[in-house]
Structures are given as C-alpha cells and as structure tokens.
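Here is the structure we will look at.
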Amino acid sequence: MAGRGATFALFAVLALAVALPGPALAQQAQPQAPLSPFAVTNTPSAGTVAGKQDPCADYVPQAKPQNASRDIVGQDLDQIVERGFMTFAVYDDFPPYSWQQDGQPQGVDVEIARLIADELGVTPRFTFVMAGENLETDLRLNIWQGSALNAPVSNVMMRVPYDSHFACRVEQVVFNGQYAEESIAIAYAEKDYPDGGPVPAYFRIDTVGVENDSISDFYLTGFAGGQTAAGVRRFPKLADAMAALAGGEVMAAMGPRGQLEYWIARLGPDAGIALHQPPLPGLAKSRWTLGTGEHFAHRPLAYAVDDAIAAGLADGRIAAIFGKFGMTHQAPQR
C-alpha cells in the first residue's frame with residue numbers, strides 16, 4: 001500500500017473524517033468501523049467535547065501485553081551509550097525521507113537520526129522497514145515486540161505521525177520528538193494554469209496525478225460526491241505522478257508538500273512546475289505532525305531523543321536538513 005509515514009500506508013485515511021461522501025466512508029463494509037487508526041474507540045463525554053481538555057479522559061486502558069523475550073526489547077540509554085551505537089527504523093525506498101543509494105542511507109529522516117545519534121555521542125545504525133497494514137502494526141514490529149521472525153526491535157522509529165487520541169491507544173510506545181509538520185499541496189504545470197494553481201473542483205475536468213491509495217487519492221475520489229474522480233490518474237508512487245506531470249500526461253499532482261517540493265527541485269526550473277496549497281473543503285486534517293517513537297520502558301532514551309530534536313530545531317540544523325533536499329521545513333507545534 002502506498003504512503004509510508006502518512007505514512008501513507010500508516011496514515012492514508014487519517015484525514016478522511018470528511019463531511020462529504022468518499023471511499024474511506026462509503027466503501028466501509030461496516031459503517032460503524034473507525035475511519036483511521038486515529039479514531040477514538042470510546043464516545044467522549046459531554047465535558048470533554050465541550051472543553052476539549054483531555055483527549056485520553058474517556059479511554060479505557062487495554063490489558064497489559066505479555067512481556068516479550070529480553071533479546072528483542074530495545075536497550076536503555078545507558079546500554080546504548082556503553083555499546084556506542086543506536087538503531088533507527090526508517091521506511092524503505094521512500095525519498096526524500098529515507099532510502100539507500102549505493103548501499104548508503106540517504107534522506108531527511110536519516111539525517112535527523114544522525115543528528116540525534118550525534119547529540120547522544122553514539123553511531124547511528126539503520127534498519128529499512130516496509131510499511132505494515134497500519135501504524136499500530138509498524139510500531140509493534142519495530143518498537144515494542146518484534147516480528148515473528150525474531151527480528152530485533154529498533155531503539156527509535158522515525159516519521160511517526162503524532163495524534164493525542166492514537167497515543168492513548170498504544171501504551172507501549174512513547175510518542176515524542178516532533179520534528180516537522182506535513183501538509184497536502186498541489187503541484188501544477190504553469191503552462192496549464194498561467195493565472196494560478198488549481199483547486200480541487202477543477203479536477204472534474206482537468207487531470208491530476210496521485211499516489212495510489214493515498215490521502216489525496218481518497219480525498220479527490222470522494223470530493224463533492226465523487227465529481228472529481230474522473231480527473232484522477234493513479235500512479236504507484238508520487239514520483240511517477242510528478243514524472244507524468246513533467247511529461248505533460250497530467251496537468252497537476254497532489255500529495256504531501258515535502259515530497260512535491262523535492263521532486264520539483266529534482267526536475268528543475270525548466271520543467272515549469274509550481275506549487276500551492278489551496279483550501280481543501282471537507283478534508284478534516286490536511287496537516288499533521290511527525291515525530292519519533294520509542295519503547296515505553298525506556299523513557300530516559302525518549303527524553304534524550306526529544307532533547308536532541310529540540311536542540312536541532314532551536315539552532316536551525318533540522319531546517320537546514322530539509323533545505324538540503326530542496327524542501328521547506330514546516331515547524332511542528334511542540
């Protein structure tokens with residue numbers, strides 16, 4: 001499934017608690033099923049709804065999981081410093097965030113992980129992982145339990161979307177280290193839109209490329225009762241949609257701003273592609289926060305990771321990492 005980090009495999013239907021029909025709602029076999037891993041499982045009390053004070057107030061804690069064997073539980077901070085390295089789980093083949101080139105880890109998340117390791121005085125080691133069925137699966141396999149093949153968990157997982165409701169449900173993971181925000185944008189051919197970028201309603205007639213099974217795909221397929229579905233052209237990856245845009249096969253491409261910016265920079269100014277972020281009616285969450293995840297039993301490590309990211313945000317190193325890849329750093333709310 002597309003969308004690591006949304007994942008988008010982990011985050012693909014996050015935003016689709018929309019006020020209009022769409023596949024994320026209409027195609028549910030059981031209408032009462034939650035739309036995303038971030039949907040609350042218990043109805044909030046009137047006081048919580050009115051005050052919006054504590055998103056966890058009505059959550060009933062789950063039964064504690066059985067202990068996993070010691071050899072697959074992440075090491076604590078003292079052990080990490082003593083052995084001289086720490087391990088990071090990053091998504092595989094996911095430029096501009098994490099990929100391998102000539103056997104060397106590359107990408108924004110890789111560089112931020114190196115910053116964290118440098119702050120702790122250790123060497124980073126990377127495990128490239130495939131996106132699972134949802135975010136809970138990714139965290140279980142890579143942070144707190146491990147896989148059926150006894151693969152070891154990592155000390156830190158990068159590019160974990162943060163949501164307070166979801167954090168209540170996954171008690172085995174500490175969600176912190178927020179280092180950026182991501183948002184949905186539209187890249188477009190300037191020759192096709194000389195007066196400015198398109199809005200979603202244009203795609204009733206105009207063509208737009210999206211990554212298959214991504215937030216953008218679901219949104220445009222269901223927008224205005226499905227009126228824009230005719231203009232949607234699906235591609236295996238957003239990179240393919242951007243190549244199609246550069247080649248004139250589509251008039252626009254829709255997806256996460258960071259990825260669009262990266263491919264616009266790679267294609268160069270001669271491609272004649274611009275970017276904008278118009279209002280997206282009916283999309284409940286067009287912007288989300290990204291951070292890290294650590295095993296709940298190793299809170300000193302989680303605090304150290306958060307401190308390292310806070311330092312990188314304060315002195316501009318994280319913003320510089322995004323700039324290195326032609327991207328705008330969207331600062332998170334911490």
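Naming scheme: A, B, ... for chains in displayed order of the structure tokens; residues 1 onward per chain; ligands 1 onward as shown.
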- [ ] Excluding region 234-246 of chain A and any residue of its chain fewer than 3 positions from it, enumerate the residues within 9 Å of it, using only C-alpha atoms, and give them as a PyMOL selection string.
- [x] chain A and resi 1-3+95+187-189+208-213+217+249-255+259-260+263-264+267+271-273
Atoms to include: N, CA and C atoms. Write the selected residues as a CSV table (one decimal), in the first residue's frame.
chain,number,residue,atom,x,y,z
A,1,MET,N,0.8,-1.2,0.0
A,1,MET,CA,0.0,0.0,0.0
A,1,MET,C,0.9,1.2,0.0
A,2,ALA,N,0.4,2.3,-0.6
A,2,ALA,CA,1.2,3.5,-0.7
A,2,ALA,C,1.3,4.2,0.6
A,3,GLY,N,2.2,5.1,0.8
A,3,GLY,CA,2.2,6.1,1.8
A,3,GLY,C,2.8,5.7,3.1
A,95,PRO,N,12.0,8.2,-0.8
A,95,PRO,CA,12.6,9.5,-1.0
A,95,PRO,C,11.5,10.6,-0.9
A,187,ALA,N,0.9,20.4,-6.9
A,187,ALA,CA,1.9,20.9,-7.9
A,187,ALA,C,1.2,20.9,-9.2
A,188,TYR,N,1.5,21.9,-10.0
A,188,TYR,CA,0.8,22.1,-11.3
A,188,TYR,C,1.7,22.6,-12.4
A,189,ALA,N,1.3,22.4,-13.6
A,189,ALA,CA,2.1,22.9,-14.8
A,189,ALA,C,1.7,24.4,-15.0
A,208,VAL,N,-5.3,15.1,-12.8
A,208,VAL,CA,-4.4,15.2,-11.6
A,208,VAL,C,-3.8,13.8,-11.3
A,209,GLY,N,-2.5,13.8,-11.0
A,209,GLY,CA,-1.9,12.6,-10.7
A,209,GLY,C,-1.8,12.4,-9.1
A,210,VAL,N,-2.0,11.2,-8.6
A,210,VAL,CA,-1.9,11.0,-7.2
A,210,VAL,C,-1.2,9.6,-7.0
A,211,GLU,N,-0.7,9.4,-5.8
A,211,GLU,CA,-0.2,8.1,-5.5
A,211,GLU,C,-1.4,7.2,-5.1
A,212,ASN,N,-1.4,6.0,-5.6
A,212,ASN,CA,-2.5,5.1,-5.4
A,212,ASN,C,-2.7,4.8,-3.9
A,213,ASP,N,-4.0,4.9,-3.5
A,213,ASP,CA,-4.4,4.6,-2.1
A,213,ASP,C,-3.8,5.6,-1.1
A,217,ASP,N,-5.6,10.5,-3.0
A,217,ASP,CA,-6.5,9.6,-3.8
A,217,ASP,C,-7.9,9.5,-3.2
A,249,GLU,N,1.5,14.5,-19.2
A,249,GLU,CA,0.4,13.5,-19.1
A,249,GLU,C,-0.7,13.9,-18.2
A,250,VAL,N,-0.4,14.7,-17.2
A,250,VAL,CA,-1.4,15.2,-16.3
A,250,VAL,C,-1.1,16.7,-16.2
A,251,MET,N,-2.1,17.4,-15.7
A,251,MET,CA,-2.0,18.9,-15.5
A,251,MET,C,-1.5,19.3,-14.1
A,252,ALA,N,-1.7,18.3,-13.1
A,252,ALA,CA,-1.3,18.6,-11.8
A,252,ALA,C,-1.0,17.3,-11.0
A,253,ALA,N,-0.5,17.4,-9.9
A,253,ALA,CA,-0.2,16.3,-9.0
A,253,ALA,C,-0.5,16.7,-7.6
A,254,MET,N,-1.1,15.9,-6.8
A,254,MET,CA,-1.5,16.2,-5.4
A,254,MET,C,-0.9,15.2,-4.4
A,255,GLY,N,-0.3,15.7,-3.3
A,255,GLY,CA,0.3,14.9,-2.3
A,255,GLY,C,0.9,15.7,-1.2
A,259,GLN,N,7.2,16.0,-0.3
A,259,GLN,CA,7.6,15.2,-1.5
A,259,GLN,C,7.5,16.0,-2.8
A,260,LEU,N,6.4,16.8,-2.9
A,260,LEU,CA,6.2,17.6,-4.1
A,260,LEU,C,7.4,18.5,-4.3
A,263,TRP,N,10.6,16.7,-5.5
A,263,TRP,CA,10.6,16.3,-7.0
A,263,TRP,C,10.6,17.5,-7.9
A,264,ILE,N,10.0,18.6,-7.4
A,264,ILE,CA,10.1,19.9,-8.2
A,264,ILE,C,11.6,20.3,-8.3
A,267,LEU,N,13.4,18.0,-10.7
A,267,LEU,CA,13.1,18.2,-12.1
A,267,LEU,C,13.7,19.5,-12.6
A,271,ALA,N,11.3,22.5,-16.0
A,271,ALA,CA,10.0,21.7,-16.0
A,271,ALA,C,8.8,22.5,-16.0
A,272,GLY,N,8.9,23.8,-15.5
A,272,GLY,CA,7.7,24.7,-15.4
A,272,GLY,C,6.7,24.2,-14.5
A,273,ILE,N,7.1,23.7,-13.3
A,273,ILE,CA,6.1,23.2,-12.3
A,273,ILE,C,6.1,24.1,-11.1
- [ ] Run DSSP on the backbone and give me the residues of region 247-318 of chain A it puts in helix (DSSP H, G or I), as number ranges by chain.
- [x] A: 257-267, 269-271, 299-314, 317-318
Based on the selection just made, write C-alpha atoms of those residues as a tab-separated table (two decimals), in the first residue's frame.
chain	number	residue	atom	x	y	z
A	257	ARG	CA	4.11	19.12	0.24
A	258	GLY	CA	7.56	17.84	1.18
A	259	GLN	CA	7.58	15.17	-1.50
A	260	LEU	CA	6.23	17.56	-4.13
A	261	GLU	CA	8.92	20.12	-3.30
A	262	TYR	CA	11.65	17.50	-3.50
A	263	TRP	CA	10.61	16.32	-6.96
A	264	ILE	CA	10.12	19.88	-8.22
A	265	ALA	CA	13.70	20.62	-7.15
A	266	ARG	CA	14.92	17.44	-8.86
A	267	LEU	CA	13.09	18.23	-12.10
A	269	PRO	CA	13.02	25.12	-13.23
A	270	ASP	CA	12.85	24.12	-16.89
A	271	ALA	CA	10.04	21.69	-16.03
A	299	ARG	CA	11.75	6.81	28.89
A	300	PRO	CA	15.23	8.23	29.59
A	301	LEU	CA	16.07	7.37	25.97
A	302	ALA	CA	12.86	9.03	24.80
A	303	TYR	CA	13.67	12.18	26.77
A	304	ALA	CA	17.20	12.25	25.35
A	305	VAL	CA	15.87	11.90	21.79
A	306	ASP	CA	13.37	14.70	22.38
A	307	ASP	CA	16.09	16.96	23.79
A	308	ALA	CA	18.30	16.28	20.76
A	309	ILE	CA	15.50	17.22	18.37
A	310	ALA	CA	14.65	20.33	20.39
A	311	ALA	CA	18.29	21.43	20.08
A	312	GLY	CA	18.27	20.76	16.34
A	313	LEU	CA	15.11	22.81	15.90
A	314	ALA	CA	16.41	25.67	18.01
A	317	ARG	CA	20.07	22.27	11.91
A	318	ILE	CA	16.81	20.46	11.19
Open item on the list: Between CA of Val173 (chain A) and CA of Ile143 (chain A), what is the distance in Å, rounded to a tenth?
Closed with: 7.3 Å
- [ ] Identify which of the residues A:Gly282, A:Gly268, A:Gly146, A:Pro161 lies closest to Ala224 (chain A), counting only C-alpha atoms when measuring atom-to-atom distances.
- [x] A:Gly282
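Between CA of Glu182 (chain A) and CA of Gln145 (chain A) the interatomic distance comes to 28.0 Å.
Using only C-alpha atoms, the shortest contact distance between Leu120 (chain A) and any of A:Asp192, A:Glu136, A:Glu181, A:Glu82 is found at A:Glu82.
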